[in-house]
Amino acid sequence: MADPPRIAAVVLAGGEGRRMGGADKGLLTWRGRPLVDQVLERLRSQTGVHIAATALSVNRHLDDYRSRGLPLLTDPDTLRGQGPLAGMLQALAFARGQGLDWVWMLSCDAPALPPDLAGRLCERQRATQAPAVLPAVQEPEGLRWHPAHALLHVDLEGPIRRALENGQRRVLQVLQQAGAVALELPADAAPAFANFNRPEDLAG
């Protein structure tokens, strides 16, 4: 049996949390623990893949995040406020610096991801040879893609950098233009991708 693929994993926690009143979502508490810690727990429980390096993409409260003992990736001043694509660009550079070809992105506000998601994304990539694979859940109106949990090849640094330079910020559009394919998941997978965008979401 072949060894599982070696990838980097980066948790996106650098957003401005506008719909949360400007709160740093990764540090918000849900069920007694910060969201980022619950996402990291999901990351470490992944099967079918070897996560060889892990980092946090953050832009504030650096001391709080540094206490997790992981590398911190911050957006340069030129990319501040440019959204998730800026964090992805830093994540790709991190993976390349670790000698890895792939990075799996995770959002700090989605603590219920399936334990086999990373492995399934890698399987889909091997089958398609695509430069990016995104989970996508079947919904009544069609596929709902989840680009914040994409598996990305480091060669996407160039296309993402050019998109940012051209003022493009729509993650899904940029990744689809670069050749992304979907890992299609059934409708009952939707709760696993539920994220926390409003204060009332934390009450669940």
# chains A, B, ... in the order shown; residues from 1 in each chain; ligands from 1

$ residues_around --residues "Gly158 of chain A" --least-positions-apart "4" --cutoff "12 Å" --atoms "only C-alpha atoms" --output "number ranges by chain"
A: 85, 88-90, 92-93, 153-154, 162-165, 174-175, 178

$ residues_around --residues "Gln176 of chain A" --least-positions-apart "2" --cutoff "10 Å" --atoms "only C-alpha atoms" --output "ChimeraX atom specification"
/A:131-134,147,171-174,178-182

$ write_last_selection --atoms "all heavy atoms" --output "PDB file, in the first residue's frame"
ATOM      1  N   PRO A 131      -5.117  21.167 -10.160  1.00  0.00           N
ATOM      2  CA  PRO A 131      -4.258  21.948  -9.277  1.00  0.00           C
ATOM      3  C   PRO A 131      -4.935  22.380  -7.985  1.00  0.00           C
ATOM      4  O   PRO A 131      -4.276  22.885  -7.080  1.00  0.00           O
ATOM      5  CB  PRO A 131      -3.896  23.166 -10.124  1.00  0.00           C
ATOM      6  CG  PRO A 131      -5.076  23.348 -11.021  1.00  0.00           C
ATOM      7  CD  PRO A 131      -5.555  21.964 -11.330  1.00  0.00           C
ATOM      8  N   ALA A 132      -6.248  22.181  -7.917  1.00  0.00           N
ATOM      9  CA  ALA A 132      -6.992  22.531  -6.711  1.00  0.00           C
ATOM     10  C   ALA A 132      -8.240  21.666  -6.637  1.00  0.00           C
ATOM     11  O   ALA A 132      -8.874  21.393  -7.666  1.00  0.00           O
ATOM     12  CB  ALA A 132      -7.379  24.009  -6.711  1.00  0.00           C
ATOM     13  N   VAL A 133      -8.574  21.237  -5.425  1.00  0.00           N
ATOM     14  CA  VAL A 133      -9.799  20.459  -5.203  1.00  0.00           C
ATOM     15  C   VAL A 133     -10.544  21.102  -4.049  1.00  0.00           C
ATOM     16  O   VAL A 133      -9.976  21.362  -2.984  1.00  0.00           O
ATOM     17  CB  VAL A 133      -9.498  18.985  -4.873  1.00  0.00           C
ATOM     18  CG1 VAL A 133     -10.800  18.201  -4.751  1.00  0.00           C
ATOM     19  CG2 VAL A 133      -8.609  18.356  -5.935  1.00  0.00           C
ATOM     20  N   LEU A 134     -11.827  21.358  -4.268  1.00  0.00           N
ATOM     21  CA  LEU A 134     -12.656  22.025  -3.278  1.00  0.00           C
ATOM     22  C   LEU A 134     -13.830  21.134  -2.894  1.00  0.00           C
ATOM     23  O   LEU A 134     -14.477  20.562  -3.789  1.00  0.00           O
ATOM     24  CB  LEU A 134     -13.216  23.347  -3.815  1.00  0.00           C
ATOM     25  CG  LEU A 134     -12.299  24.553  -3.930  1.00  0.00           C
ATOM     26  CD1 LEU A 134     -11.093  24.285  -4.800  1.00  0.00           C
ATOM     27  CD2 LEU A 134     -13.085  25.749  -4.446  1.00  0.00           C
ATOM     28  N   PRO A 147     -14.655  26.960  -0.762  1.00  0.00           N
ATOM     29  CA  PRO A 147     -13.251  27.230  -1.119  1.00  0.00           C
ATOM     30  C   PRO A 147     -12.335  27.449   0.083  1.00  0.00           C
ATOM     31  O   PRO A 147     -11.109  27.324  -0.054  1.00  0.00           O
ATOM     32  CB  PRO A 147     -13.341  28.491  -1.978  1.00  0.00           C
ATOM     33  CG  PRO A 147     -14.643  29.130  -1.579  1.00  0.00           C
ATOM     34  CD  PRO A 147     -15.569  27.997  -1.257  1.00  0.00           C
ATOM     35  N   VAL A 171     -12.681  34.210  -4.060  1.00  0.00           N
ATOM     36  CA  VAL A 171     -11.841  33.015  -3.974  1.00  0.00           C
ATOM     37  C   VAL A 171     -12.308  31.942  -4.943  1.00  0.00           C
ATOM     38  O   VAL A 171     -11.510  31.368  -5.687  1.00  0.00           O
ATOM     39  CB  VAL A 171     -11.829  32.467  -2.531  1.00  0.00           C
ATOM     40  CG1 VAL A 171     -10.963  31.208  -2.456  1.00  0.00           C
ATOM     41  CG2 VAL A 171     -11.324  33.516  -1.564  1.00  0.00           C
ATOM     42  N   LEU A 172     -13.593  31.636  -4.938  1.00  0.00           N
ATOM     43  CA  LEU A 172     -14.100  30.559  -5.784  1.00  0.00           C
ATOM     44  C   LEU A 172     -13.844  30.856  -7.258  1.00  0.00           C
ATOM     45  O   LEU A 172     -13.389  29.979  -8.007  1.00  0.00           O
ATOM     46  CB  LEU A 172     -15.590  30.340  -5.532  1.00  0.00           C
ATOM     47  CG  LEU A 172     -16.254  29.244  -6.369  1.00  0.00           C
ATOM     48  CD1 LEU A 172     -15.552  27.907  -6.170  1.00  0.00           C
ATOM     49  CD2 LEU A 172     -17.740  29.132  -6.013  1.00  0.00           C
ATOM     50  N   GLN A 173     -14.109  32.063  -7.665  1.00  0.00           N
ATOM     51  CA  GLN A 173     -13.911  32.417  -9.070  1.00  0.00           C
ATOM     52  C   GLN A 173     -12.447  32.264  -9.474  1.00  0.00           C
ATOM     53  O   GLN A 173     -12.137  31.692 -10.525  1.00  0.00           O
ATOM     54  CB  GLN A 173     -14.370  33.851  -9.303  1.00  0.00           C
ATOM     55  CG  GLN A 173     -14.241  34.310 -10.756  1.00  0.00           C
ATOM     56  CD  GLN A 173     -14.706  35.741 -10.929  1.00  0.00           C
ATOM     57  OE1 GLN A 173     -14.175  36.654 -10.303  1.00  0.00           O
ATOM     58  NE2 GLN A 173     -15.697  35.939 -11.774  1.00  0.00           N
ATOM     59  N   VAL A 174     -11.542  32.741  -8.633  1.00  0.00           N
ATOM     60  CA  VAL A 174     -10.111  32.663  -8.949  1.00  0.00           C
ATOM     61  C   VAL A 174      -9.666  31.207  -9.039  1.00  0.00           C
ATOM     62  O   VAL A 174      -8.950  30.818  -9.972  1.00  0.00           O
ATOM     63  CB  VAL A 174      -9.287  33.432  -7.900  1.00  0.00           C
ATOM     64  CG1 VAL A 174      -7.797  33.157  -8.079  1.00  0.00           C
ATOM     65  CG2 VAL A 174      -9.566  34.921  -7.991  1.00  0.00           C
ATOM     66  N   ALA A 178      -8.439  28.845 -12.296  1.00  0.00           N
ATOM     67  CA  ALA A 178      -7.133  28.182 -12.276  1.00  0.00           C
ATOM     68  C   ALA A 178      -7.242  26.672 -12.482  1.00  0.00           C
ATOM     69  O   ALA A 178      -6.216  25.986 -12.503  1.00  0.00           O
ATOM     70  CB  ALA A 178      -6.432  28.471 -10.954  1.00  0.00           C
ATOM     71  N   GLY A 179      -8.458  26.147 -12.618  1.00  0.00           N
ATOM     72  CA  GLY A 179      -8.631  24.731 -12.913  1.00  0.00           C
ATOM     73  C   GLY A 179      -9.114  23.876 -11.763  1.00  0.00           C
ATOM     74  O   GLY A 179      -8.988  22.644 -11.803  1.00  0.00           O
ATOM     75  N   ALA A 180      -9.704  24.479 -10.742  1.00  0.00           N
ATOM     76  CA  ALA A 180     -10.182  23.712  -9.591  1.00  0.00           C
ATOM     77  C   ALA A 180     -11.317  22.769  -9.987  1.00  0.00           C
ATOM     78  O   ALA A 180     -12.119  23.069 -10.873  1.00  0.00           O
ATOM     79  CB  ALA A 180     -10.667  24.652  -8.490  1.00  0.00           C
ATOM     80  N   VAL A 181     -11.363  21.625  -9.311  1.00  0.00           N
ATOM     81  CA  VAL A 181     -12.466  20.683  -9.475  1.00  0.00           C
ATOM     82  C   VAL A 181     -13.126  20.471  -8.120  1.00  0.00           C
ATOM     83  O   VAL A 181     -12.562  20.800  -7.065  1.00  0.00           O
ATOM     84  CB  VAL A 181     -11.999  19.324 -10.044  1.00  0.00           C
ATOM     85  CG1 VAL A 181     -11.354  19.499 -11.404  1.00  0.00           C
ATOM     86  CG2 VAL A 181     -11.046  18.634  -9.068  1.00  0.00           C
ATOM     87  N   ALA A 182     -14.325  19.918  -8.146  1.00  0.00           N
ATOM     88  CA  ALA A 182     -15.092  19.699  -6.922  1.00  0.00           C
ATOM     89  C   ALA A 182     -14.925  18.273  -6.411  1.00  0.00           C
ATOM     90  O   ALA A 182     -14.846  17.321  -7.184  1.00  0.00           O
ATOM     91  CB  ALA A 182     -16.573  19.977  -7.173  1.00  0.00           C
TER      92      ALA A 182
END

$ residues_around --residues "Leu40 of chain A" --least-positions-apart "5" --cutoff "12 Å" --atoms "only C-alpha atoms" --output "compact mmCIF listing (two decimals) with C-alpha atoms, in the first residue's frame"
# COMPACT_ATOMS: atom_id res chain seq x y z
CA ALA A 9 -2.31 22.45 6.57
CA VAL A 10 -3.06 26.09 7.29
CA VAL A 11 -5.97 27.42 9.33
CA LEU A 12 -7.33 30.73 8.07
CA ALA A 13 -7.91 32.94 11.11
CA GLY A 26 -10.79 32.00 15.91
CA ARG A 33 -13.28 26.17 23.93
CA PRO A 34 -11.90 28.61 21.34
CA LEU A 35 -13.01 27.78 17.81
CA SER A 45 -7.66 13.66 13.56
CA GLN A 46 -7.59 13.47 9.75
CA ILE A 51 -0.09 16.39 7.58
CA THR A 54 0.75 23.06 10.20
CA ALA A 55 0.47 26.84 10.51
CA LEU A 56 -2.05 29.54 11.43
CA TYR A 65 -2.27 32.46 18.64
CA ARG A 68 -0.59 27.22 20.22
CA GLY A 69 3.05 26.55 19.36
CA LEU A 70 2.55 26.77 15.59
CA MET A 105 -6.83 25.21 3.89
CA LEU A 106 -9.21 25.21 6.84
CA SER A 107 -11.43 27.98 8.15
CA CYS A 108 -11.14 28.81 11.84
CA ASP A 109 -14.93 28.99 12.21
CA ALA A 110 -15.87 25.51 10.92
CA PRO A 111 -15.19 23.07 13.79
CA ALA A 112 -17.17 20.09 12.50
CA LEU A 113 -15.22 19.02 9.40
CA PRO A 115 -12.25 13.37 9.76

$ closest_residue --among "A:Pro186, A:Pro71, A:Pro159, A:Gly97" --to "Ala136 of chain A" --atoms "only C-alpha atoms"
A:Pro186

$ select_by_dssp --residues "segment 8-155 of chain A" --states "strand (DSSP E)" --output "PyMOL selection string"
chain A and resi 8-12+29-30+33-34+50-57+72-73+102-107+132-139+142-145+151-153

$ select_by_dssp --residues "segment 21-196 of chain A" --states "helix (DSSP H, G or I)" --output "PyMOL selection string"
chain A and resi 25-27+35-44+62-66+77-79+84-97+117-128+147-149+154-165+171-177+187-193

$ atom_distance --atom1 "atom CA of Leu152 of chain A" --atom2 "atom CA of Phe196 of chain A"
23.6 Å

$ closest_residue --among "A:Ala8, A:Ile160, A:Ala148, A:Ala127" --to "Leu100 of chain A" --atoms "only C-alpha atoms"
A:Ala8

$ closest_residue --among "A:Ala118, A:Ala130, A:Arg169, A:Leu151" --to "Leu79 of chain A" --atoms "only C-alpha atoms"
A:Arg169
